[in-house]
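This is entry.txt. It holds compact mmCIF, C-alpha atoms.
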# COMPACT_ATOMS: atom_id res chain seq x y z
CA MET A 79 -26.71 -37.39 3.98
CA THR A 80 -25.01 -34.72 5.97
CA LEU A 81 -24.47 -31.15 4.88
CA VAL A 82 -22.26 -29.09 7.15
CA GLU A 83 -21.89 -25.34 6.78
CA TYR A 84 -19.12 -23.36 8.43
CA GLY A 85 -20.63 -19.91 8.54
CA ASP A 86 -20.60 -16.42 9.98
CA PHE A 87 -23.88 -14.66 10.79
CA GLU A 88 -22.54 -11.30 9.63
CA CYS A 89 -21.03 -12.58 6.37
CA PRO A 90 -23.05 -11.41 3.35
CA HIS A 91 -22.21 -14.57 1.38
CA CYS A 92 -23.59 -16.69 4.22
CA GLY A 93 -26.65 -14.47 4.16
CA ARG A 94 -27.06 -15.28 0.50
CA ALA A 95 -26.52 -18.99 1.16
CA TYR A 96 -29.18 -19.05 3.90
CA PRO A 97 -32.29 -19.29 1.63
CA ILE A 98 -30.41 -21.69 -0.66
CA VAL A 99 -29.76 -24.09 2.20
CA LYS A 100 -33.40 -23.74 3.26
CA ALA A 101 -34.52 -24.64 -0.28
CA VAL A 102 -32.20 -27.65 -0.38
CA GLN A 103 -33.49 -28.82 3.00
CA GLN A 104 -37.04 -28.48 1.75
CA ALA A 105 -36.31 -30.36 -1.45
CA MET A 106 -34.49 -33.22 0.23
CA GLY A 107 -36.61 -33.50 3.33
CA PRO A 108 -35.58 -35.92 6.06
CA ARG A 109 -32.91 -37.51 3.87
CA LEU A 110 -30.70 -34.52 4.66
CA ARG A 111 -29.15 -33.68 7.98
CA PHE A 112 -27.89 -30.11 8.13
CA ALA A 113 -25.36 -28.89 10.67
CA PHE A 114 -24.19 -25.31 11.15
CA ARG A 115 -20.80 -24.62 12.71
CA ASP A 116 -19.51 -21.25 13.75
CA PHE A 117 -16.69 -19.66 11.81
CA PRO A 118 -16.89 -16.01 12.85
CA LEU A 119 -14.47 -13.80 10.93
CA ARG A 120 -14.01 -11.39 13.79
CA GLU A 121 -11.56 -9.10 12.06
CA SER A 122 -13.92 -8.35 9.18
CA HIS A 123 -17.22 -8.65 11.03
CA PRO A 124 -17.36 -6.96 14.42
CA HIS A 125 -20.70 -8.54 15.38
CA ALA A 126 -19.94 -12.07 14.18
CA GLU A 127 -18.52 -13.42 17.42
CA HIS A 128 -21.40 -12.31 19.62
CA ALA A 129 -23.94 -13.41 17.03
CA ALA A 130 -22.36 -16.88 17.05
CA GLU A 131 -22.41 -16.96 20.84
CA ALA A 132 -26.04 -15.78 20.76
CA ALA A 133 -27.04 -18.73 18.58
CA GLU A 134 -25.29 -21.08 21.01
CA ALA A 135 -26.96 -19.37 23.98
CA ALA A 136 -30.33 -19.82 22.28
CA GLY A 137 -29.37 -23.43 21.59
CA ALA A 138 -28.79 -23.96 25.31
CA GLN A 139 -32.45 -23.02 25.71
CA GLY A 140 -33.53 -25.32 22.87
CA LYS A 141 -33.88 -22.68 20.14
CA PHE A 142 -30.66 -22.76 18.13
CA TRP A 143 -32.32 -22.99 14.72
CA GLU A 144 -34.88 -20.33 15.51
CA MET A 145 -32.06 -17.95 16.46
CA HIS A 146 -29.93 -19.06 13.48
CA ASP A 147 -32.80 -18.14 11.14
CA ARG A 148 -33.51 -14.87 12.89
CA LEU A 149 -29.86 -13.79 12.73
CA PHE A 150 -29.62 -14.43 9.00
CA GLU A 151 -32.95 -12.72 8.35
CA ARG A 152 -31.88 -9.72 10.41
CA GLN A 153 -28.24 -9.74 9.41
CA PHE A 154 -28.22 -5.95 9.26
CA ALA A 155 -29.08 -5.65 12.97
CA LEU A 156 -26.72 -7.70 15.10
CA ASP A 157 -25.80 -5.34 17.93
CA ASP A 158 -26.12 -6.83 21.39
CA GLU A 159 -29.41 -5.06 22.12
CA TYR A 160 -30.91 -6.63 19.02
CA LEU A 161 -29.61 -10.06 19.99
CA ILE A 162 -31.36 -9.71 23.33
CA GLU A 163 -34.51 -8.49 21.59
CA TYR A 164 -34.49 -11.59 19.39
CA ALA A 165 -34.08 -13.81 22.45
CA THR A 166 -37.14 -12.15 23.98
CA ASP A 167 -39.10 -12.53 20.72
CA LEU A 168 -38.27 -16.22 20.62
CA GLY A 169 -39.62 -16.68 24.12
CA LEU A 170 -36.24 -17.37 25.71
CA ASP A 171 -35.25 -16.48 29.24
CA ALA A 172 -33.77 -13.17 28.13
CA ARG A 173 -32.10 -12.47 31.44
CA ARG A 174 -30.17 -15.74 31.34
CA PHE A 175 -29.41 -15.17 27.65
CA GLU A 176 -27.99 -11.72 28.31
CA LYS A 177 -25.98 -12.90 31.28
CA GLU A 178 -24.45 -15.75 29.32
CA LEU A 179 -23.74 -13.54 26.33
CA THR A 180 -22.01 -10.92 28.50
CA ALA A 181 -19.98 -13.55 30.34
CA GLY A 182 -18.91 -15.22 27.09
CA VAL A 183 -20.15 -18.60 28.33
CA TYR A 184 -20.28 -20.01 24.81
CA ALA A 185 -17.07 -18.38 23.54
CA PRO A 186 -15.00 -21.57 24.04
CA ARG A 187 -17.55 -23.53 22.08
CA VAL A 188 -17.47 -21.04 19.21
CA ARG A 189 -13.65 -21.14 19.29
CA GLU A 190 -13.74 -24.93 19.09
CA ASP A 191 -16.00 -24.78 16.03
CA PHE A 192 -13.66 -22.24 14.45
CA ARG A 193 -10.63 -24.38 15.20
CA SER A 194 -12.25 -27.53 13.85
CA GLY A 195 -13.05 -25.54 10.70
CA VAL A 196 -9.44 -24.41 10.26
CA LEU A 197 -8.23 -27.99 10.76
CA SER A 198 -10.73 -29.23 8.18
CA GLY A 199 -9.45 -26.71 5.62
CA VAL A 200 -12.03 -23.95 5.88
CA ASN A 201 -10.53 -20.88 4.18
CA GLY A 202 -13.51 -18.57 4.23
CA THR A 203 -17.26 -18.47 4.66
CA PRO A 204 -19.45 -20.14 3.83
CA THR A 205 -17.66 -23.46 3.40
CA PHE A 206 -19.79 -26.55 2.92
CA PHE A 207 -18.96 -30.21 3.52
CA ILE A 208 -21.06 -32.99 2.03
CA ASN A 209 -20.64 -36.24 3.97
CA GLY A 210 -17.35 -34.92 5.29
CA VAL A 211 -15.92 -33.88 1.90
CA ARG A 212 -15.33 -30.18 1.27
CA HIS A 213 -17.60 -28.89 -1.47
CA ASP A 214 -15.41 -26.54 -3.52
CA ASP A 215 -17.85 -25.98 -6.37
CA SER A 216 -20.55 -23.34 -6.43
CA TRP A 217 -23.12 -23.44 -3.64
CA ASP A 218 -25.88 -21.91 -5.74
CA LEU A 219 -29.10 -23.87 -5.49
CA GLU A 220 -28.74 -26.13 -8.50
CA PRO A 221 -25.06 -27.10 -8.16
CA LEU A 222 -25.43 -27.66 -4.42
CA ARG A 223 -28.49 -29.79 -4.90
CA ALA A 224 -26.84 -31.75 -7.71
CA ALA A 225 -23.78 -32.41 -5.52
CA LEU A 226 -26.01 -33.65 -2.69
CA GLU A 227 -27.99 -35.91 -5.01
CA GLN A 228 -24.79 -37.25 -6.46
CA ALA A 229 -23.43 -38.00 -2.99
CA ALA A 230 -26.73 -39.68 -2.12
CA ASN A 231 -26.54 -41.90 -5.20
CA ALA A 232 -22.90 -42.74 -4.63
CA LYS A 233 -23.82 -44.03 -1.21
CA ARG A 234 -26.37 -46.52 -2.54
CA MET B 256 18.73 -26.22 -17.30
CA THR B 257 19.24 -22.51 -16.86
CA ASP B 258 17.88 -20.63 -13.93
CA THR B 259 15.20 -18.84 -15.91
CA GLU B 260 13.70 -22.08 -17.23
CA ARG B 261 13.22 -23.42 -13.77
CA PRO B 262 9.80 -22.45 -12.43
CA ALA B 263 10.84 -22.92 -8.83
CA GLN B 264 13.30 -24.59 -6.53
CA SER B 265 12.04 -26.96 -3.88
CA PRO B 266 11.30 -25.71 -0.38
CA LEU B 267 13.74 -26.46 2.42
CA PRO B 268 12.59 -29.71 3.98
CA ALA B 269 11.92 -30.54 7.63
CA GLY B 270 15.12 -31.02 9.60
CA THR B 271 16.99 -28.20 7.84
CA ARG B 272 18.38 -25.32 9.86
CA ALA B 273 16.33 -22.25 8.94
CA PRO B 274 18.56 -19.69 7.18
CA ALA B 275 18.98 -16.51 9.20
CA PHE B 276 17.61 -13.27 7.79
CA THR B 277 16.90 -9.67 8.63
CA LEU B 278 14.23 -7.91 6.60
CA ALA B 279 12.41 -4.60 6.83
CA SER B 280 8.94 -4.80 8.33
CA ALA B 281 8.31 -1.06 8.12
CA PRO B 282 10.17 1.95 6.71
CA ASP B 283 12.06 2.30 10.00
CA ARG B 284 11.99 -1.23 11.40
CA THR B 285 13.61 -4.56 10.70
CA VAL B 286 12.82 -8.06 11.92
CA SER B 287 15.39 -10.85 12.33
CA LEU B 288 14.55 -14.52 12.58
CA LYS B 289 16.86 -14.88 15.59
CA GLU B 290 14.64 -12.57 17.64
CA PHE B 291 12.21 -15.45 17.97
CA LEU B 292 14.57 -18.15 19.22
CA GLY B 293 12.81 -20.16 21.89
CA ARG B 294 9.39 -20.06 20.24
CA PRO B 295 7.91 -21.39 17.02
CA VAL B 296 7.89 -19.18 13.93
CA ILE B 297 5.55 -19.50 10.98
CA LEU B 298 6.94 -18.10 7.72
CA ALA B 299 4.25 -17.52 5.12
CA PHE B 300 5.76 -16.60 1.76
CA TYR B 301 3.13 -15.31 -0.66
CA PRO B 302 3.37 -13.92 -4.20
CA ALA B 303 2.10 -10.37 -3.75
CA ASP B 304 0.14 -7.90 -1.68
CA TRP B 305 -3.31 -7.12 -3.11
CA SER B 306 -3.68 -10.15 -5.36
CA PRO B 307 -7.04 -11.75 -4.53
CA VAL B 308 -5.92 -15.16 -3.28
CA CYS B 309 -3.11 -13.74 -1.13
CA GLY B 310 -5.59 -11.33 0.37
CA ASP B 311 -7.78 -14.20 1.41
CA GLN B 312 -4.82 -16.16 2.72
CA MET B 313 -3.46 -13.31 4.82
CA ALA B 314 -6.97 -12.37 5.98
CA LEU B 315 -7.52 -15.97 7.04
CA TYR B 316 -4.23 -16.04 8.99
CA ASN B 317 -5.24 -12.80 10.65
CA GLU B 318 -8.40 -14.51 11.88
CA VAL B 319 -6.52 -17.65 12.95
CA LEU B 320 -3.87 -15.63 14.82
CA PRO B 321 -5.30 -16.43 18.28
CA GLU B 322 -4.93 -20.14 17.47
CA PHE B 323 -1.29 -19.64 16.45
CA GLN B 324 -0.70 -17.66 19.63
CA ARG B 325 -1.96 -20.57 21.70
CA TYR B 326 1.30 -22.29 20.71
CA GLY B 327 3.34 -19.17 21.38
CA ALA B 328 4.04 -18.98 17.66
CA GLN B 329 5.00 -15.83 15.75
CA LEU B 330 3.60 -15.45 12.24
CA LEU B 331 5.65 -13.55 9.63
CA GLY B 332 4.32 -12.87 6.14
CA ILE B 333 6.97 -12.42 3.43
CA SER B 334 6.74 -11.22 -0.16
CA VAL B 335 8.92 -9.26 -2.56
CA ASP B 336 6.74 -6.15 -2.16
CA GLY B 337 8.36 -3.07 -0.62
CA VAL B 338 7.65 -1.68 2.84
CA TRP B 339 5.28 1.07 1.68
CA CYS B 340 3.22 -1.40 -0.24
CA HIS B 341 3.15 -3.74 2.78
CA ALA B 342 2.16 -0.86 5.05
CA ALA B 343 -0.81 0.06 2.86
CA PHE B 344 -1.87 -3.57 2.48
CA ALA B 345 -1.59 -4.32 6.21
CA ALA B 346 -3.56 -1.19 7.09
CA ASN B 347 -6.25 -1.98 4.54
CA ARG B 348 -6.68 -5.55 5.78
CA LYS B 349 -6.11 -4.66 9.45
CA LEU B 350 -3.40 -7.29 9.75
CA HIS B 351 -2.00 -7.89 13.23
CA PHE B 352 1.24 -9.57 12.22
CA PRO B 353 4.34 -8.23 10.42
CA LEU B 354 4.78 -8.35 6.66
CA LEU B 355 8.42 -8.50 5.67
CA ALA B 356 9.83 -7.02 2.48
CA ASP B 357 12.13 -9.43 0.61
CA PHE B 358 12.74 -6.50 -1.66
CA GLU B 359 16.49 -5.78 -1.99
CA PRO B 360 18.20 -7.89 -3.15
CA LYS B 361 14.90 -9.05 -4.50
CA GLY B 362 13.78 -12.45 -3.29
CA ALA B 363 17.11 -13.21 -1.59
CA VAL B 364 15.47 -14.80 1.46
CA ALA B 365 12.91 -16.68 -0.62
CA ARG B 366 15.77 -18.13 -2.69
CA ARG B 367 17.48 -19.38 0.47
CA TYR B 368 14.27 -21.10 1.51
CA GLY B 369 13.80 -22.55 -1.98
CA VAL B 370 10.55 -20.76 -2.75
CA TYR B 371 11.51 -18.12 -5.33
CA ARG B 372 9.96 -18.29 -8.81
CA THR B 373 12.76 -16.97 -10.95
CA GLY B 374 10.83 -16.53 -14.19
CA ASP B 375 7.99 -14.74 -12.42
CA GLY B 376 10.01 -12.62 -10.03
CA PHE B 377 7.91 -13.43 -6.98
CA THR B 378 7.73 -16.16 -4.39
CA GLU B 379 5.82 -19.38 -4.17
CA ARG B 380 2.99 -19.71 -1.72
CA GLY B 381 5.36 -21.43 0.68
CA LEU B 382 4.81 -22.18 4.35
CA PHE B 383 7.43 -23.05 6.96
CA VAL B 384 7.04 -23.89 10.62
CA ILE B 385 10.33 -23.38 12.47
CA ASP B 386 10.86 -24.62 16.00
CA GLY B 387 12.33 -22.72 18.93
CA ASP B 388 15.82 -23.97 18.07
CA GLY B 389 15.64 -22.54 14.57
CA VAL B 390 15.07 -25.81 12.71
CA VAL B 391 12.46 -26.19 9.96
CA ARG B 392 9.94 -28.73 11.21
CA TRP B 393 7.41 -28.53 8.41
CA SER B 394 7.28 -26.96 4.96
CA TYR B 395 4.71 -26.87 2.23
CA VAL B 396 4.19 -25.18 -1.13
CA SER B 397 0.70 -24.88 -2.51
CA PRO B 398 -0.28 -24.24 -6.13
CA ILE B 399 0.16 -20.52 -6.76
CA ASP B 400 -3.58 -19.84 -7.14
CA VAL B 401 -4.74 -21.93 -4.21
CA ASN B 402 -5.11 -20.64 -0.67
CA PRO B 403 -3.21 -23.27 1.36
CA GLY B 404 -5.36 -22.61 4.42
CA ALA B 405 -4.03 -22.97 7.94
CA ASP B 406 -4.68 -26.63 8.72
CA GLY B 407 -1.12 -27.75 7.91
CA ILE B 408 0.35 -25.00 10.08
CA LEU B 409 -1.88 -25.87 13.03
CA ARG B 410 -1.06 -29.56 12.76
CA ALA B 411 2.66 -28.80 12.65
CA LEU B 412 2.37 -26.55 15.70
CA GLU B 413 0.37 -29.19 17.50
CA ALA B 414 3.15 -31.71 16.88
CA LEU B 415 5.72 -29.19 18.16
CA VAL B 416 3.87 -28.06 21.25
CA PRO B 417 1.46 -30.91 22.07
CA GLU B 418 0.76 -29.58 25.54
CA ALA B 419 -0.81 -26.40 24.09
CA ARG B 420 -3.51 -28.39 22.32
CA PRO B 421 -6.90 -27.46 23.72
CA ALA B 422 -8.63 -30.20 25.67
Spell out the structure here as structure tokens.
Amino acid sequence: MTLVEYGDFECPHCGRAYPIVKAVQQAMGPRLRFAFRDFPLRESHPHAEHAAEAAEAAGAQGKFWEMHDRLFERQFALDDEYLIEYATDLGLDARRFEKELTAGVYAPRVREDFRSGVLSGVNGTPTFFINGVRHDDSWDLEPLRAALEQAANAKR
Amino acid sequence: MTDTERPAQSPLPAGTRAPAFTLASAPDRTVSLKEFLGRPVILAFYPADWSPVCGDQMALYNEVLPEFQRYGAQLLGISVDGVWCHAAFAANRKLHFPLLADFEPKGAVARRYGVYRTGDGFTERGLFVIDGDGVVRWSYVSPIDVNPGADGILRALEALVPEARPA
């Protein structure tokens, strides 16, 4: 079972989806593989692009998910100095992190995620895909969980 | 069947020469299709400024603009709203592409492209990708309440300008 989210770290709806996804992951355990892809809406969310690049930069040091969680939990504080603070908190090489963030090292990767989202029919954030099929129904806990269970049963 | 009973015409298909037009993009500015000869043009007809789905659609295109620009393509939004309405809408949504007013005679350009809804008095959610020679290469109409997204546009541009596709 694969759940893919196209999301934006500054998007309030994604912030609301964050604990829901966590709950679904907890309920389904290792049966569920969850992937997060960047879909920063840069025109509406001025910090979204750098936040996405920060998660990728943390990922390059083996801490993508830790940064992903931190960004959603601290969605109200996404200025660059906070991003660097989070990197330090997570025990990353903050100097490398800052250098890569400033140089936009992961910008092409974020763009590629965005582009793949557009080509898959992502119209806004968050957009979920269950086993490659866009989930257009509600992503509240119960409907999302029901859709995942249904997809799991269909597979058997 | 009379004109008023017909919900819509059908959009000009691929291979058709794109009808020329000149429309106001601001109180003191007009835009003509022929200005863009030599590069692809995306025409996005939409029913109205401010209606929720259109807002999302235009906001999405605003975000995808850098991808369109990779192909050298110019995006033009078109509805029957007037220039002052467009100006307020574009400022509110911080749009970085022109919105054209198919306002007088109302819907004349939309009719030529086959995307005017006579009974409703506004246009379909119709998309056209026009090549650098002024020929329609792709067209699509989505249900009026569904954001058609940008995947079809990107695929059409990719077919037109394959060398611009990112590695």
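For the residues A:Ile98, A:Ile208, A:Leu161, A:Val82, ranking by smallest atom-to-atom distance to A:Glu134 using all atoms listed in the file places A:Leu161 first.
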- Task: Write down, as a VMD selection string, each residue of chain A that has any atom within 6 Å of an atom of chain B, counting only C-alpha atoms.
- Result: chain A and resid 196 to 197 199 201
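Atom pair atom CA of B:Leu331 / atom CA of A:Phe192: separated by 21.7 Å.
Near (7.9, -12.3, -7.5), the residues that fall inside 9 Å on the basis of only C-alpha atoms are Tyr301, Pro302, Ala303, Ser334, Val335, Asp336, Lys361, Gly362, Tyr371, Arg372, Thr373, Gly374, Asp375, Gly376, Phe377, Thr378 and Glu379 of chain B.
Residues lying at most 8 Å from (10.0, -4.6, 5.1) in file coordinates, with all atoms listed in the file considered, are Leu278, Ala279, Ser280, Ala281, Pro282, Arg284, Thr285, Gly337, Val338, His341, Leu354, Leu355, Ala356, Asp357 and Phe358 of chain B.
From atom CA of A:His128 back to atom CA of A:Ser198, the distance works out to 23.0 Å.
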- Note on the structure: Across A:Glu127, A:Glu163, A:Glu144, A:Glu121, the smallest distance to A:Phe87, with only C-alpha atoms counted, is shown by A:Glu127
- Could you work out how far atom CA of A:Leu149 lies from atom CA of A:Ala165, giving the answer in Å with one decimal? 10.6 Å
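Of the listed residues (B:Pro353, B:Gly327, B:Gly369, B:Gly293), B:Gly327 comes nearest to B:Arg420; the distances count all atoms listed in the file.
Between B:Pro295 and the candidates B:Gln264, B:Gln329, B:Ser394, B:Gln324, the tightest atom-to-atom separation, counting only C-alpha atoms, involves B:Gln329.
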Would you pick out the contacts of stretch 183-189 of chain A at 7 Å or less, using only C-alpha atoms, so that residues sharing its chain but fewer than 4 positions from it are not included, and give the list as a PDB file with C-alpha atoms, in the frame of the given file?
ATOM      1  CA  ASP A 116     -19.510 -21.250  13.750  1.00  0.00           C
ATOM      2  CA  ALA A 130     -22.360 -16.880  17.050  1.00  0.00           C
ATOM      3  CA  GLU A 131     -22.410 -16.960  20.840  1.00  0.00           C
ATOM      4  CA  GLU A 134     -25.290 -21.080  21.010  1.00  0.00           C
ATOM      5  CA  ALA A 135     -26.960 -19.370  23.980  1.00  0.00           C
ATOM      6  CA  GLU A 178     -24.450 -15.750  29.320  1.00  0.00           C
ATOM      7  CA  LEU A 179     -23.740 -13.540  26.330  1.00  0.00           C
ATOM      8  CA  ARG A 193     -10.630 -24.380  15.200  1.00  0.00           C
TER       9      ARG A 193
END
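Minimum atom-to-atom distances from B:Val401, B:Val286, B:Ile385, B:Leu267 to B:Val370 were compared using all atoms listed in the file, and the lowest value belongs to B:Leu267.
Residue nearest A:Ala95 within the list A:Glu159, A:Asp147, A:Asp191, A:Asp218: A:Asp218 [criterion: smallest interatomic distance, all atoms listed in the file].
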- Task: Would you mind listing what lies within 7 Å of A:Met145 as a list in words, with all atoms listed in the file counted and same-chain residues fewer than 4 positions away left out?
- Result: Ala133, Ala136, Lys141 and Leu149 of chain A
